[in-house]
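J.: I'm passing along structure20.pdb; it holds PDB, C-alpha atoms.
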```pdb
ATOM      1  CA  TRP X   1       0.000   0.000   0.000
ATOM      2  CA  GLY X   2       2.947   2.311   0.341
ATOM      3  CA  LYS X   3       4.745   4.337   2.931
ATOM      4  CA  TYR X   4       3.077   7.170   4.851
ATOM      5  CA  LEU X   5       4.649  10.513   3.970
ATOM      6  CA  PRO X   6       3.548  13.377   6.240
ATOM      7  CA  GLU X   7       4.756  15.946   3.698
ATOM      8  CA  VAL X   8       2.009  14.931   1.259
ATOM      9  CA  GLU X   9      -0.739  14.986   3.883
ATOM     10  CA  SER X  10      -3.432  17.571   3.344
ATOM     11  CA  ILE X  11      -6.771  18.509   4.811
ATOM     12  CA  VAL X  12      -9.390  19.690   2.324
ATOM     13  CA  ILE X  13     -12.535  21.566   3.327
ATOM     14  CA  GLY X  14     -15.473  22.319   1.038
ATOM     15  CA  ASN X  15     -17.033  25.521   2.336
ATOM     16  CA  ASP X  16     -20.240  25.120   0.307
ATOM     17  CA  VAL X  17     -21.204  21.743   1.810
ATOM     18  CA  THR X  18     -22.044  20.779   5.356
ATOM     19  CA  SER X  19     -22.733  17.752   7.509
ATOM     20  CA  LYS X  20     -25.388  19.675   9.427
ATOM     21  CA  TYR X  21     -28.345  17.347   9.909
ATOM     22  CA  SER X  22     -30.943  19.839   8.632
ATOM     23  CA  ARG X  23     -29.060  20.210   5.313
ATOM     24  CA  ARG X  24     -28.502  16.524   4.592
ATOM     25  CA  SER X  25     -29.921  15.660   1.186
ATOM     26  CA  GLU X  26     -29.053  13.551  -1.830
ATOM     27  CA  GLU X  27     -27.698  16.687  -3.511
ATOM     28  CA  GLU X  28     -25.443  17.484  -0.546
ATOM     29  CA  PHE X  29     -24.139  13.903  -0.353
ATOM     30  CA  TYR X  30     -23.575  13.834  -4.121
ATOM     31  CA  THR X  31     -21.569  17.067  -3.966
ATOM     32  CA  ILE X  32     -19.381  15.658  -1.207
ATOM     33  CA  ALA X  33     -18.798  12.451  -3.198
ATOM     34  CA  ARG X  34     -17.977  14.532  -6.298
ATOM     35  CA  TYR X  35     -15.444  16.590  -4.343
ATOM     36  CA  ILE X  36     -13.795  13.387  -3.128
ATOM     37  CA  ASP X  37     -13.585  12.191  -6.727
ATOM     38  CA  GLU X  38     -12.047  15.476  -7.906
ATOM     39  CA  ILE X  39      -9.332  15.169  -5.261
ATOM     40  CA  VAL X  40      -8.637  11.483  -5.974
ATOM     41  CA  LYS X  41      -8.370  12.051  -9.752
ATOM     42  CA  LYS X  42      -5.550  14.556  -9.292
ATOM     43  CA  ARG X  43      -3.029  12.186  -7.732
ATOM     44  CA  ASN X  44      -2.454   8.459  -7.284
ATOM     45  CA  GLY X  45      -2.351   7.384  -3.700
ATOM     46  CA  ASN X  46      -4.307   6.500  -0.632
ATOM     47  CA  TYR X  47      -7.029   8.651   0.836
ATOM     48  CA  MET X  48      -8.997   8.600   4.068
ATOM     49  CA  VAL X  49     -12.347  10.310   4.376
ATOM     50  CA  PHE X  50     -13.800  10.998   7.811
ATOM     51  CA  CYS X  51     -17.489  11.629   8.421
ATOM     52  CA  PRO X  52     -19.468  12.637  11.513
ATOM     53  CA  SER X  53     -21.447   9.385  11.634
ATOM     54  CA  TYR X  54     -21.505   5.933  10.116
ATOM     55  CA  ALA X  55     -24.836   6.673   8.384
ATOM     56  CA  PHE X  56     -23.323   9.781   6.773
ATOM     57  CA  LEU X  57     -20.275   7.782   5.686
ATOM     58  CA  GLN X  58     -22.425   4.956   4.306
ATOM     59  CA  THR X  59     -24.443   7.383   2.166
ATOM     60  CA  VAL X  60     -21.342   9.124   0.781
ATOM     61  CA  PHE X  61     -19.729   5.712   0.165
ATOM     62  CA  GLU X  62     -22.757   4.428  -1.757
ATOM     63  CA  ILE X  63     -22.936   7.515  -3.962
ATOM     64  CA  TYR X  64     -19.181   7.530  -4.524
ATOM     65  CA  THR X  65     -19.014   3.863  -5.507
ATOM     66  CA  GLU X  66     -22.084   4.102  -7.768
ATOM     67  CA  GLN X  67     -21.180   7.356  -9.506
ATOM     68  CA  PHE X  68     -17.398   7.756  -9.403
ATOM     69  CA  ALA X  69     -15.433   4.642  -8.452
ATOM     70  CA  GLY X  70     -14.121   2.577 -11.312
ATOM     71  CA  GLU X  71     -11.872  -0.397 -11.815
ATOM     72  CA  ASN X  72      -8.840   1.667 -10.853
ATOM     73  CA  LYS X  73     -10.218   2.636  -7.423
ATOM     74  CA  GLU X  74     -10.557   0.276  -4.506
ATOM     75  CA  CYS X  75     -12.947   1.588  -1.863
ATOM     76  CA  ILE X  76     -13.021   0.130   1.611
ATOM     77  CA  ILE X  77     -15.519   1.117   4.260
ATOM     78  CA  GLN X  78     -14.855   0.279   7.887
ATOM     79  CA  GLN X  79     -17.262  -0.002  10.777
ATOM     80  CA  VAL X  80     -16.105   3.417  11.962
ATOM     81  CA  SER X  81     -16.618   6.797  10.314
ATOM     82  CA  CYS X  82     -13.727   6.479   7.852
ATOM     83  CA  LEU X  83     -13.594   5.759   4.112
ATOM     84  CA  TYR X  84     -10.296   4.599   2.604
ATOM     85  CA  ILE X  85      -9.654   4.902  -1.156
ATOM     86  CA  HIS X  86      -6.682   3.510  -3.034
ATOM     87  CA  SER X  87      -6.463   5.154  -6.458
ATOM     88  CA  VAL X  88      -4.334   4.115  -9.405
ATOM     89  CA  ASN X  89      -4.966   6.482 -12.289
ATOM     90  CA  THR X  90      -4.178   5.131 -15.736
TER      91      THR X  90
END
```
Go through the file and emit its structure as structure tokens.
T.:
Amino acid sequence: WGKYLPEVESIVIGNDVTSKYSRRSEEEFYTIARYIDEIVKKRNGNYMVFCPSYAFLQTVFEIYTEQFAGENKECIIQQVSCLYIHSVNT
């Protein structure tokens, strides 16, 4: 899977999306999944996505895998609020 390099670590925040319960919608989840895809497409590597709840993570995971993940992306969901993506762009 590779070696962890702290110098390539980054935290990305989308200021037009929120995890606020009253704003949760298919559109909001889709936008979050699309942002994840835009980040993953830019560089090969491993990514971790953290969400405020397992239900939130599950919804983002389902949209991401249905709409954006392909043969070159392995998506693993754990029983905690974390999504791990291994991307190999061709």
J.: With all atoms listed in the file as the basis for distance, which of X:Ser25, X:Ile32, X:Val49, X:Arg43 is at the shortest distance from Phe68 in chain X?
T.: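 Going through X:Ser25, X:Ile32, X:Val49, X:Arg43 one by one, the smallest distance to Phe68 in chain X is for X:Ile32.
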J.: Just want the 9 Å neighbourhood of range 61-63 of chain X, counted on only C-alpha atoms, with same-chain residues fewer than 4 positions away dropped. Output as a list in words.
T.: Glu26, Phe29, Tyr30, Ala33, Arg34, Phe56, Leu57, Gln67, Phe68, Cys75, Ile76, Ile77 and Leu83 of chain X
J.: Could you check how far CA of Pro52 in chain X sits from CA of Val40 in chain X, in Å to one decimal?
T.: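 Computing it gives 20.6 Å between the two atoms.
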J.: Starting from the PyMOL selection byres ((chain X and resi 73) around 7), expand the selection into actual residues of this file and give them as a list in words.
T.: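 Checked against the file, the PyMOL selection byres ((chain X and resi 73) around 7) matches Ala69, Gly70, Glu71, Asn72, Glu74, Cys75, Ile85, His86, Ser87 and Val88 of chain X.
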J.: Let me have the centre and edge lengths of the axis-aligned box enclosing all listed atoms of range 61-64 of chain X with 4 Å padding on every side, in Å to one decimal, as lines of an AutoDock Vina configuration file.
T.:
```
center_x = -21.1
center_y = 6.0
center_z = -2.2
size_x = 11.8
size_y = 11.1
size_z = 12.7
```
J.: Can you list, as a PyMOL selection string, the residues that the PyMOL selection byres ((chain X and resi 10) around 12) selects here?
T.: chain X and resi 5-9+11-13+39+46-49
J.: Keeping C-alpha atoms, export the residues of the selection given above as a PDB file, keeping the file's coordinate frame.
T.:
```
ATOM      1  CA  LEU X   5       4.649  10.513   3.970  1.00  0.00           C
ATOM      2  CA  PRO X   6       3.548  13.377   6.240  1.00  0.00           C
ATOM      3  CA  GLU X   7       4.756  15.946   3.698  1.00  0.00           C
ATOM      4  CA  VAL X   8       2.009  14.931   1.259  1.00  0.00           C
ATOM      5  CA  GLU X   9      -0.739  14.986   3.883  1.00  0.00           C
ATOM      6  CA  ILE X  11      -6.771  18.509   4.811  1.00  0.00           C
ATOM      7  CA  VAL X  12      -9.390  19.690   2.324  1.00  0.00           C
ATOM      8  CA  ILE X  13     -12.535  21.566   3.327  1.00  0.00           C
ATOM      9  CA  ILE X  39      -9.332  15.169  -5.261  1.00  0.00           C
ATOM     10  CA  ASN X  46      -4.307   6.500  -0.632  1.00  0.00           C
ATOM     11  CA  TYR X  47      -7.029   8.651   0.836  1.00  0.00           C
ATOM     12  CA  MET X  48      -8.997   8.600   4.068  1.00  0.00           C
ATOM     13  CA  VAL X  49     -12.347  10.310   4.376  1.00  0.00           C
TER      14      VAL X  49
END
```
J.: Counting all atoms listed in the file, which residues sit no farther than 8 Å from the position (-19.8, 15.4, 8.6) in the file's frame? I'd like them as an MDAnalysis selection string.
T.: chainID X and resid 18:20 50:53 56
J.: Next, dump the selected residues to file, keeping only C-alpha atoms, as a PDB file, keeping the file's coordinate frame.
T.:
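Contents of the output file part07.pdb:
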```pdb
ATOM      1  CA  THR X  18     -22.044  20.779   5.356  1.00  0.00           C
ATOM      2  CA  SER X  19     -22.733  17.752   7.509  1.00  0.00           C
ATOM      3  CA  LYS X  20     -25.388  19.675   9.427  1.00  0.00           C
ATOM      4  CA  PHE X  50     -13.800  10.998   7.811  1.00  0.00           C
ATOM      5  CA  CYS X  51     -17.489  11.629   8.421  1.00  0.00           C
ATOM      6  CA  PRO X  52     -19.468  12.637  11.513  1.00  0.00           C
ATOM      7  CA  SER X  53     -21.447   9.385  11.634  1.00  0.00           C
ATOM      8  CA  PHE X  56     -23.323   9.781   6.773  1.00  0.00           C
TER       9      PHE X  56
END
```
J.: Grab the CA of Asn44 in chain X to CA of Arg24 in chain X distance for me, in Å with one decimal place.
T.: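 Distance between the two atoms: 29.7 Å.
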J.: Rebuild range 33-48 of chain X to N, CA, C and O atoms - output it as a PDB file, keeping the file's coordinate frame, please.
T.:
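Resulting contents of result26.pdb:
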```pdb
ATOM      1  N   ALA X  33     -19.401  13.562  -2.455  1.00  0.00           N
ATOM      2  CA  ALA X  33     -18.798  12.451  -3.198  1.00  0.00           C
ATOM      3  C   ALA X  33     -18.061  12.962  -4.438  1.00  0.00           C
ATOM      4  O   ALA X  33     -16.977  12.480  -4.768  1.00  0.00           O
ATOM      5  N   ARG X  34     -18.627  13.952  -5.117  1.00  0.00           N
ATOM      6  CA  ARG X  34     -17.977  14.532  -6.298  1.00  0.00           C
ATOM      7  C   ARG X  34     -16.676  15.230  -5.917  1.00  0.00           C
ATOM      8  O   ARG X  34     -15.666  15.103  -6.618  1.00  0.00           O
ATOM      9  N   TYR X  35     -16.675  15.943  -4.812  1.00  0.00           N
ATOM     10  CA  TYR X  35     -15.444  16.590  -4.343  1.00  0.00           C
ATOM     11  C   TYR X  35     -14.366  15.555  -4.041  1.00  0.00           C
ATOM     12  O   TYR X  35     -13.199  15.741  -4.376  1.00  0.00           O
ATOM     13  N   ILE X  36     -14.755  14.464  -3.407  1.00  0.00           N
ATOM     14  CA  ILE X  36     -13.795  13.387  -3.128  1.00  0.00           C
ATOM     15  C   ILE X  36     -13.208  12.885  -4.438  1.00  0.00           C
ATOM     16  O   ILE X  36     -11.991  12.709  -4.570  1.00  0.00           O
ATOM     17  N   ASP X  37     -14.056  12.672  -5.434  1.00  0.00           N
ATOM     18  CA  ASP X  37     -13.585  12.191  -6.727  1.00  0.00           C
ATOM     19  C   ASP X  37     -12.628  13.187  -7.381  1.00  0.00           C
ATOM     20  O   ASP X  37     -11.611  12.789  -7.944  1.00  0.00           O
ATOM     21  N   GLU X  38     -12.926  14.464  -7.308  1.00  0.00           N
ATOM     22  CA  GLU X  38     -12.047  15.476  -7.906  1.00  0.00           C
ATOM     23  C   GLU X  38     -10.668  15.452  -7.264  1.00  0.00           C
ATOM     24  O   GLU X  38      -9.654  15.605  -7.954  1.00  0.00           O
ATOM     25  N   ILE X  39     -10.614  15.238  -5.965  1.00  0.00           N
ATOM     26  CA  ILE X  39      -9.332  15.169  -5.261  1.00  0.00           C
ATOM     27  C   ILE X  39      -8.576  13.908  -5.664  1.00  0.00           C
ATOM     28  O   ILE X  39      -7.386  13.952  -5.987  1.00  0.00           O
ATOM     29  N   VAL X  40      -9.264  12.772  -5.672  1.00  0.00           N
ATOM     30  CA  VAL X  40      -8.637  11.483  -5.974  1.00  0.00           C
ATOM     31  C   VAL X  40      -8.093  11.445  -7.406  1.00  0.00           C
ATOM     32  O   VAL X  40      -7.034  10.878  -7.662  1.00  0.00           O
ATOM     33  N   LYS X  41      -8.805  12.063  -8.350  1.00  0.00           N
ATOM     34  CA  LYS X  41      -8.370  12.051  -9.752  1.00  0.00           C
ATOM     35  C   LYS X  41      -7.061  12.803  -9.966  1.00  0.00           C
ATOM     36  O   LYS X  41      -6.353  12.532 -10.916  1.00  0.00           O
ATOM     37  N   LYS X  42      -6.730  13.716  -9.093  1.00  0.00           N
ATOM     38  CA  LYS X  42      -5.550  14.556  -9.292  1.00  0.00           C
ATOM     39  C   LYS X  42      -4.237  13.849  -8.975  1.00  0.00           C
ATOM     40  O   LYS X  42      -3.198  14.240  -9.487  1.00  0.00           O
ATOM     41  N   ARG X  43      -4.279  12.830  -8.110  1.00  0.00           N
ATOM     42  CA  ARG X  43      -3.029  12.186  -7.732  1.00  0.00           C
ATOM     43  C   ARG X  43      -3.259  10.755  -7.291  1.00  0.00           C
ATOM     44  O   ARG X  43      -4.190  10.478  -6.530  1.00  0.00           O
ATOM     45  N   ASN X  44      -2.407   9.838  -7.762  1.00  0.00           N
ATOM     46  CA  ASN X  44      -2.454   8.459  -7.284  1.00  0.00           C
ATOM     47  C   ASN X  44      -2.129   8.444  -5.806  1.00  0.00           C
ATOM     48  O   ASN X  44      -1.357   9.271  -5.320  1.00  0.00           O
ATOM     49  N   GLY X  45      -2.688   7.508  -5.110  1.00  0.00           N
ATOM     50  CA  GLY X  45      -2.351   7.384  -3.700  1.00  0.00           C
ATOM     51  C   GLY X  45      -3.495   6.840  -2.882  1.00  0.00           C
ATOM     52  O   GLY X  45      -4.468   6.311  -3.408  1.00  0.00           O
ATOM     53  N   ASN X  46      -3.341   6.994  -1.592  1.00  0.00           N
ATOM     54  CA  ASN X  46      -4.307   6.500  -0.632  1.00  0.00           C
ATOM     55  C   ASN X  46      -4.979   7.685   0.043  1.00  0.00           C
ATOM     56  O   ASN X  46      -4.323   8.671   0.370  1.00  0.00           O
ATOM     57  N   TYR X  47      -6.245   7.566   0.262  1.00  0.00           N
ATOM     58  CA  TYR X  47      -7.029   8.651   0.836  1.00  0.00           C
ATOM     59  C   TYR X  47      -7.904   8.121   1.955  1.00  0.00           C
ATOM     60  O   TYR X  47      -8.417   7.012   1.870  1.00  0.00           O
ATOM     61  N   MET X  48      -8.072   8.931   2.988  1.00  0.00           N
ATOM     62  CA  MET X  48      -8.997   8.600   4.068  1.00  0.00           C
ATOM     63  C   MET X  48     -10.012   9.724   4.153  1.00  0.00           C
ATOM     64  O   MET X  48      -9.654  10.898   4.098  1.00  0.00           O
TER      65      MET X  48
END
```
